[in-house]
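Take a look at the structure set out below.
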Amino acid sequence: MVHQYKSNGYNIVLDVNSGAVHVVDDIVYDMIPLAKESSFDEIADQLKNKYQEDALKEAFEEIKELEKEGLLYTEDIYQDYIMDFKKRETVVKALCLHIAHDCNLACRYCFAEEGEYHGRRELMSFEIGKKALDFLIQNSGNRRNLEVDFFGGEPLMNFQVVKDLVKYGREQEKIYNKNFRFTLTTNGILLNDDIMEFANKEMANVVLSIDGRKEVNDKMRPFRNGTGSYALIVPKFQKLADSRNQTEYYVRGTFTHHNLDFSKDVLHLADLGFKQISVEPVVAPEQEAYAIQEEDVNRLLEEYDSLAAEMLKRNKEGKSFNFFHFMIDLEGGPCVAKRLSGCGSGTEYLAVTPWGDLYPCHQFVGEEQFLMGNVYEGVTKTDIRDEFKLCNVYAKDKCKDCFAKFYCSGGCAANSFHFHGTITDAYDIGCELQRKRIECAIMLKVAQAE
Amino acid sequence: MKHIKTLNTKRLQNTIKKGGCGECQTSCQSACKTSCTVGNQSCENK
């Protein structure tokens with residue numbers, strides 16, 4: 001499968017099954033759709049009015065050389081491999097700990113419903129958290145690197161337990177030869193110097209929630225009394241980002257139907273001095289006023305293109321920053337097994353509620369049919385785990401012919417479930433945006449390679 | 001080549017032999033929490 005597109009003046013060819021990326025001239029660009037099946041004479045016949053025969057011959061030979069090297073028209077040899085791979089015994093290597101089902105903000109788009117996740121307000125006890133870490137260690141097999149995200153609600157509303165759990169984890173990792181990578185996702189309201197110092201010592205990554213421009217942020221991320229959060233959080237986030245040397249963190253925003261010009265929010269965050277930025281589309285039922293609608297998609301695709309062009313410009317001016325959804329590792333990225341097997345939800349990655357229940361991921365918490373067990377008994381509903389285990393790009397009809405499948409791994413199971421009632425479908429608007437982001441990400445790599 | 005410039009990329013087909021160790025980061029833990037972003041993850045088994 002080959003995907004070819006024009007972006008920012010480049011003719012780009014992605015050989016999907018090998019991952020090879022080629023920048024080509026117009027002759028090759030026109031020839032690529034023909035050269036797999038047709039002979040040179042047939043192609044020359046079709047293109048002779050546009051190009052000289054000598055140039056056509058040269059281009060054809062170059063295409064055939066790439067094909068021989070396994071860099072063009074590469075066959076898909078992965079289907080049986082991934083089916084076997086997915087049937088293997090799985091281990092748990094990452095937990096999303098819902099440290100607090102409570103929040104000090106009332107964000108309008110919150111999938112956690114102001115922290116409550118269709119349930120009651122509750123803080124995780126140290127005892128439950130300990131059991132969760134024990135469960136992770138016991139179920140992690142030979143995996144050494146274990147990830148624990150302190151999530152909410154707002155985890156800093158239960159900061160003492162976060163601290164105690166990190167201490168406990170550091171003791172246990174020595175005993176069991178594991179390496180905990182702790183991360184924290186916070187809205188910043190309670191951040192202070194002590195917490196920053198702790199985060200810089202213990203957290204491999206921190207995710208700082210802010211949507212961008214003041215008016216955009218404050219509309220969607222108010223306190224319960226309606227006042228905005230921007231003025232309080234920006235100085236704290238700037239301080240924390242600087243104290244982490246502008247690495248190993250993200251300022252992370254959500255854009256909605258109300259700010260389709262979200263590139264301005266990304267650039268606003270960059271202008272505030274942030275170097276690690278992620279601003280992502282809201283995922284919400286279409287009846288919500290803030291939900292991204294199908295008719296918004298073209299506008300959003302243009303936004304991504306213009307953001308990529310602006311990033312290139314800023315790179316040249318020495319004002320570069322990372323935009324999470326445009327980051328792609330072409331030279332050292334993941335293996336095929338990782339790319340095809342999905343995010344690991346329900347198998348390698350589980351969410352733990354404040355009372356110790358296990359769900360396939362944070363997005364399923366509160367959906368009772370996905371309750372998989374608890375930290376005391378482990379995964380007892382193994383049928384749910386098995387369903388997620390077999391979820392991969394070849395189990396999804398929409399992914400089979402999509403060029404993006406090696407970069408998104410079939411997309412988010414929760415999004416698929418919420419829009420289509422099954423985890424083996426795909427959230428269509430999300431897919432359209434994802435494809436554009438991958439095109440932009442590859443274009444940026446092409447531009448850098450010049 | 002005159003008409004084609006190829007970027008340095010990892011050949012996916014070559015990763016079948018050594019891949020699948022599972023030490024890499026879980027994608028949702030990085031930043032997203034609402035999408036699935038795998039292509040930017042680093043391999044820990046180089």
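Each chain in the structure tokens gets a letter, A, B, ..., in the order shown, and its residues are numbered from 1; ligands are numbered from 1 in order too.
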
Could you pull the residues within 9 Å of A:Phe198, counting only C-alpha atoms, minus those fewer than 5 positions along the same chain, as a list of chain:residue names?
->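 Surrounding residues, per the criterion: A:Lys163, A:Asp193, A:Met203.
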
Just-selected residues, C-alpha atoms written as a PDB file, in the first residue's frame:
```pdb
ATOM      1  CA  LYS A 163       3.663  10.954  47.958  1.00  0.00           C
ATOM      2  CA  ASP A 193       6.815  24.858  45.347  1.00  0.00           C
ATOM      3  CA  MET A 203       7.823  12.216  38.026  1.00  0.00           C
TER       4      MET A 203
END
```

Shell around stretch 131-137 of chain A at 8 Å using only C-alpha atoms, local window under 4 positions removed, as a PDB file with N, CA and C atoms, in the first residue's frame:
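Dumped everything to result_27.pdb:
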```pdb
ATOM      1  N   VAL A  92       0.638  -7.048  32.780  1.00  0.00           N
ATOM      2  CA  VAL A  92       0.215  -5.666  33.030  1.00  0.00           C
ATOM      3  C   VAL A  92       1.464  -4.831  33.259  1.00  0.00           C
ATOM      4  N   LYS A  93       1.583  -3.731  32.552  1.00  0.00           N
ATOM      5  CA  LYS A  93       2.791  -2.906  32.744  1.00  0.00           C
ATOM      6  C   LYS A  93       2.481  -1.452  33.055  1.00  0.00           C
ATOM      7  N   ALA A  94       1.227  -1.070  33.004  1.00  0.00           N
ATOM      8  CA  ALA A  94       0.910   0.337  33.264  1.00  0.00           C
ATOM      9  C   ALA A  94      -0.449   0.462  33.942  1.00  0.00           C
ATOM     10  N   LEU A  95      -0.503   1.349  34.909  1.00  0.00           N
ATOM     11  CA  LEU A  95      -1.774   1.624  35.586  1.00  0.00           C
ATOM     12  C   LEU A  95      -2.050   3.125  35.572  1.00  0.00           C
ATOM     13  N   GLU A 127      -4.018   2.476  51.288  1.00  0.00           N
ATOM     14  CA  GLU A 127      -4.161   1.015  51.282  1.00  0.00           C
ATOM     15  C   GLU A 127      -4.525   0.495  49.887  1.00  0.00           C
ATOM     16  N   GLY A 141       5.171  -9.830  35.065  1.00  0.00           N
ATOM     17  CA  GLY A 141       6.077 -10.818  34.467  1.00  0.00           C
ATOM     18  C   GLY A 141       7.509 -10.320  34.433  1.00  0.00           C
ATOM     19  N   LEU A 146       7.763  -0.163  34.646  1.00  0.00           N
ATOM     20  CA  LEU A 146       6.335  -0.127  34.980  1.00  0.00           C
ATOM     21  C   LEU A 146       5.894   1.324  35.098  1.00  0.00           C
ATOM     22  N   GLY A 169       6.400   2.659  46.216  1.00  0.00           N
ATOM     23  CA  GLY A 169       6.851   2.122  44.929  1.00  0.00           C
ATOM     24  C   GLY A 169       8.368   2.046  44.845  1.00  0.00           C
ATOM     25  N   TYR A 176      11.888  -6.028  43.870  1.00  0.00           N
ATOM     26  CA  TYR A 176      11.444  -6.858  42.734  1.00  0.00           C
ATOM     27  C   TYR A 176      12.190  -6.559  41.432  1.00  0.00           C
ATOM     28  N   LYS A 178      12.336  -3.809  39.586  1.00  0.00           N
ATOM     29  CA  LYS A 178      11.468  -3.100  38.633  1.00  0.00           C
ATOM     30  C   LYS A 178      11.890  -1.636  38.597  1.00  0.00           C
ATOM     31  N   VAL A 352      -7.457   2.120  37.636  1.00  0.00           N
ATOM     32  CA  VAL A 352      -7.875   1.709  38.982  1.00  0.00           C
ATOM     33  C   VAL A 352      -8.687   2.839  39.622  1.00  0.00           C
ATOM     34  N   GLY A 356     -10.567   0.741  44.108  1.00  0.00           N
ATOM     35  CA  GLY A 356      -9.780  -0.426  43.708  1.00  0.00           C
ATOM     36  C   GLY A 356     -10.340  -1.248  42.568  1.00  0.00           C
ATOM     37  N   VAL A 375      -8.301  -4.701  42.719  1.00  0.00           N
ATOM     38  CA  VAL A 375      -6.886  -4.883  43.065  1.00  0.00           C
ATOM     39  C   VAL A 375      -6.670  -6.020  44.070  1.00  0.00           C
ATOM     40  N   TYR A 376      -7.718  -6.457  44.716  1.00  0.00           N
ATOM     41  CA  TYR A 376      -7.581  -7.567  45.666  1.00  0.00           C
ATOM     42  C   TYR A 376      -7.617  -8.924  44.957  1.00  0.00           C
ATOM     43  N   GLY A 378      -7.640  -9.254  41.478  1.00  0.00           N
ATOM     44  CA  GLY A 378      -7.064  -9.195  40.138  1.00  0.00           C
ATOM     45  C   GLY A 378      -8.147  -9.151  39.072  1.00  0.00           C
TER      46      GLY A 378
END
```

Which residues of chain A sit at most 6 Å from chain B, using only C-alpha atoms? Give each one's shortest atom pair and distance in Å (one decimal place), in chain and ascending residue order, as a Markdown table.
```
| residue | atom | partner | partner_atom | distance |
| --- | --- | --- | --- | --- |
| A:Ser18 | CA | B:Leu12 | CA | 4.9 |
| A:Gly19 | CA | B:Leu12 | CA | 5.9 |
| A:Ala20 | CA | B:Thr9 | CA | 5.7 |
| A:Val21 | CA | B:Leu7 | CA | 5.6 |
| A:His22 | CA | B:Thr6 | CA | 4.4 |
| A:Val23 | CA | B:Lys5 | CA | 5.1 |
| A:Val24 | CA | B:Ile4 | CA | 4.5 |
| A:Asp25 | CA | B:His3 | CA | 5.5 |
| A:Met327 | CA | B:Asn40 | CA | 5.4 |
| A:Ile328 | CA | B:Asn40 | CA | 4.0 |
| A:Asp329 | CA | B:Asn40 | CA | 4.9 |
| A:Leu330 | CA | B:Thr9 | CA | 5.0 |
| A:Glu331 | CA | B:Thr9 | CA | 4.4 |
| A:Gly333 | CA | B:Ser42 | CA | 5.0 |
| A:Pro334 | CA | B:Cys43 | CA | 4.9 |
| A:Cys335 | CA | B:Thr15 | CA | 5.2 |
| A:Val336 | CA | B:Leu12 | CA | 6.0 |
| A:Ala337 | CA | B:Gly20 | CA | 5.2 |
| A:Cys343 | CA | B:Ser27 | CA | 5.6 |
| A:Tyr407 | CA | B:Gly39 | CA | 4.2 |
| A:Cys408 | CA | B:Thr37 | CA | 5.2 |
| A:Gly411 | CA | B:Cys36 | CA | 5.0 |
| A:Cys412 | CA | B:Cys36 | CA | 5.2 |
```

For the residues in the current selection, export C-alpha atoms as a PDB file, in the first residue's frame.
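Listing of result-v4.pdb after writing:
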```pdb
ATOM      1  CA  SER A  18       7.809  -0.689   5.166  1.00  0.00           C
ATOM      2  CA  GLY A  19       7.376   2.768   6.689  1.00  0.00           C
ATOM      3  CA  ALA A  20       9.693   4.252   4.032  1.00  0.00           C
ATOM      4  CA  VAL A  21       9.217   7.923   3.199  1.00  0.00           C
ATOM      5  CA  HIS A  22      10.250   9.344  -0.177  1.00  0.00           C
ATOM      6  CA  VAL A  23      10.252  12.887  -1.485  1.00  0.00           C
ATOM      7  CA  VAL A  24       9.774  12.754  -5.224  1.00  0.00           C
ATOM      8  CA  ASP A  25       9.540  15.023  -8.244  1.00  0.00           C
ATOM      9  CA  MET A 327       5.840  14.101  16.771  1.00  0.00           C
ATOM     10  CA  ILE A 328       6.861  11.013  14.865  1.00  0.00           C
ATOM     11  CA  ASP A 329       9.932   8.868  15.157  1.00  0.00           C
ATOM     12  CA  LEU A 330      10.754   7.557  11.675  1.00  0.00           C
ATOM     13  CA  GLU A 331      14.196   6.189  12.450  1.00  0.00           C
ATOM     14  CA  GLY A 333      10.026   4.306  16.364  1.00  0.00           C
ATOM     15  CA  PRO A 334       8.204   1.273  17.648  1.00  0.00           C
ATOM     16  CA  CYS A 335       8.294  -2.226  16.204  1.00  0.00           C
ATOM     17  CA  VAL A 336       5.451  -3.644  14.148  1.00  0.00           C
ATOM     18  CA  ALA A 337       4.135  -5.612  17.110  1.00  0.00           C
ATOM     19  CA  CYS A 343      -2.577   1.084  23.075  1.00  0.00           C
ATOM     20  CA  TYR A 407       0.905   5.265  13.521  1.00  0.00           C
ATOM     21  CA  CYS A 408      -2.371   5.176  15.450  1.00  0.00           C
ATOM     22  CA  GLY A 411      -7.209   4.305  17.359  1.00  0.00           C
ATOM     23  CA  CYS A 412      -8.794   4.565  20.762  1.00  0.00           C
TER      24      CYS A 412
END
```

Extract the full set of alpha helix (DSSP H) residues from chain B according to DSSP on the backbone, and format it as a list in words.
->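 Taking chain B and keeping alpha helix (DSSP H) gives Thr15, Ile16, Lys17 and Lys18 of chain B.
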
Residues from the last selection, N, CA and C atoms, saved as a PDB file, in the first residue's frame:
```pdb
ATOM      1  N   THR B  15      11.528  -5.362  11.838  1.00  0.00           N
ATOM      2  CA  THR B  15      11.303  -5.360  13.286  1.00  0.00           C
ATOM      3  C   THR B  15      10.528  -6.597  13.755  1.00  0.00           C
ATOM      4  N   ILE B  16      10.131  -7.422  12.816  1.00  0.00           N
ATOM      5  CA  ILE B  16       9.395  -8.634  13.222  1.00  0.00           C
ATOM      6  C   ILE B  16      10.299  -9.551  14.041  1.00  0.00           C
ATOM      7  N   LYS B  17      11.569  -9.638  13.616  1.00  0.00           N
ATOM      8  CA  LYS B  17      12.477 -10.602  14.256  1.00  0.00           C
ATOM      9  C   LYS B  17      12.724 -10.286  15.730  1.00  0.00           C
ATOM     10  N   LYS B  18      12.986  -8.995  16.003  1.00  0.00           N
ATOM     11  CA  LYS B  18      13.409  -8.636  17.357  1.00  0.00           C
ATOM     12  C   LYS B  18      12.333  -7.944  18.189  1.00  0.00           C
TER      13      LYS B  18
END
```

Please give the complete set of residues from stretch 28-99 of chain A that DSSP, run on the backbone, assigns to strand (DSSP E), formatted as a list in words.
-> Ala94, Leu95, Cys96, Leu97 and His98 of chain A

Given only C-alpha atoms as the counted atoms, nearest of A:Ile63, A:Val283, A:Ile27, A:Ile12 to A:Cys110 |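 Closest to A:Cys110, using only C-alpha atoms: A:Val283.
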
Extract, using only C-alpha atoms, all DNA, RNA and protein residues at most 8 Å from A:Arg170, discarding same-chain residues fewer than 4 positions from it, and format them as a JSON list (two decimals) with N, CA and C atoms, in the first residue's frame.
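After the write, selection09.json holds the following:
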```
[["chain", "number", "residue", "atom", "x", "y", "z"],
["A", 166, "VAL", "N", 4.46, 6.86, 46.00],
["A", 166, "VAL", "CA", 5.76, 6.93, 45.33],
["A", 166, "VAL", "C", 6.83, 6.34, 46.25],
["A", 174, "LYS", "N", 13.00, -1.88, 44.27],
["A", 174, "LYS", "CA", 14.32, -2.45, 44.59],
["A", 174, "LYS", "C", 14.19, -3.95, 44.89],
["A", 180, "PHE", "N", 9.91, 1.90, 38.37],
["A", 180, "PHE", "CA", 8.64, 2.64, 38.24],
["A", 180, "PHE", "C", 8.87, 3.96, 37.52]]
```

Near-stretch 249-262 of chain A list (9 Å; only C-alpha atoms; drop same-chain fewer than 3 positions) as number ranges by chain | A: 109, 204-212, 216-217, 237, 240-241, 244, 246, 265-267, 269, 274-283, 289-293, 296, 299-300, 303-304, 324; B: 30-32

Between atom CA of A:Met1 and atom CA of A:Val13 - distance in Å to one decimal =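 These two atoms are separated by 10.6 Å.
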
Could you name the residues that touch A:Gln448 at 10 Å or less, counting only C-alpha atoms, but leaving out those on the same chain fewer than 4 positions away, as a list in words?
->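 The neighbour list is Leu312, Asn315, Lys316, Ile442, Met443 and Leu444 of chain A.
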
A:Thr424 surroundings by only C-alpha atoms, 7 Å radius, close-in-sequence under 6 positions cut, as a PyMOL selection string | chain A and resi 391+395-396+416

Writer output for current selection, C-alpha atoms, as a PDB file, in the first residue's frame:
```
ATOM      1  CA  CYS A 391      -8.392  -5.962  19.280  1.00  0.00           C
ATOM      2  CA  ALA A 395      -9.740  -6.774  13.635  1.00  0.00           C
ATOM      3  CA  LYS A 396     -11.038  -3.416  12.414  1.00  0.00           C
ATOM      4  CA  SER A 416     -14.849   3.455  19.147  1.00  0.00           C
TER       5      SER A 416
END
```
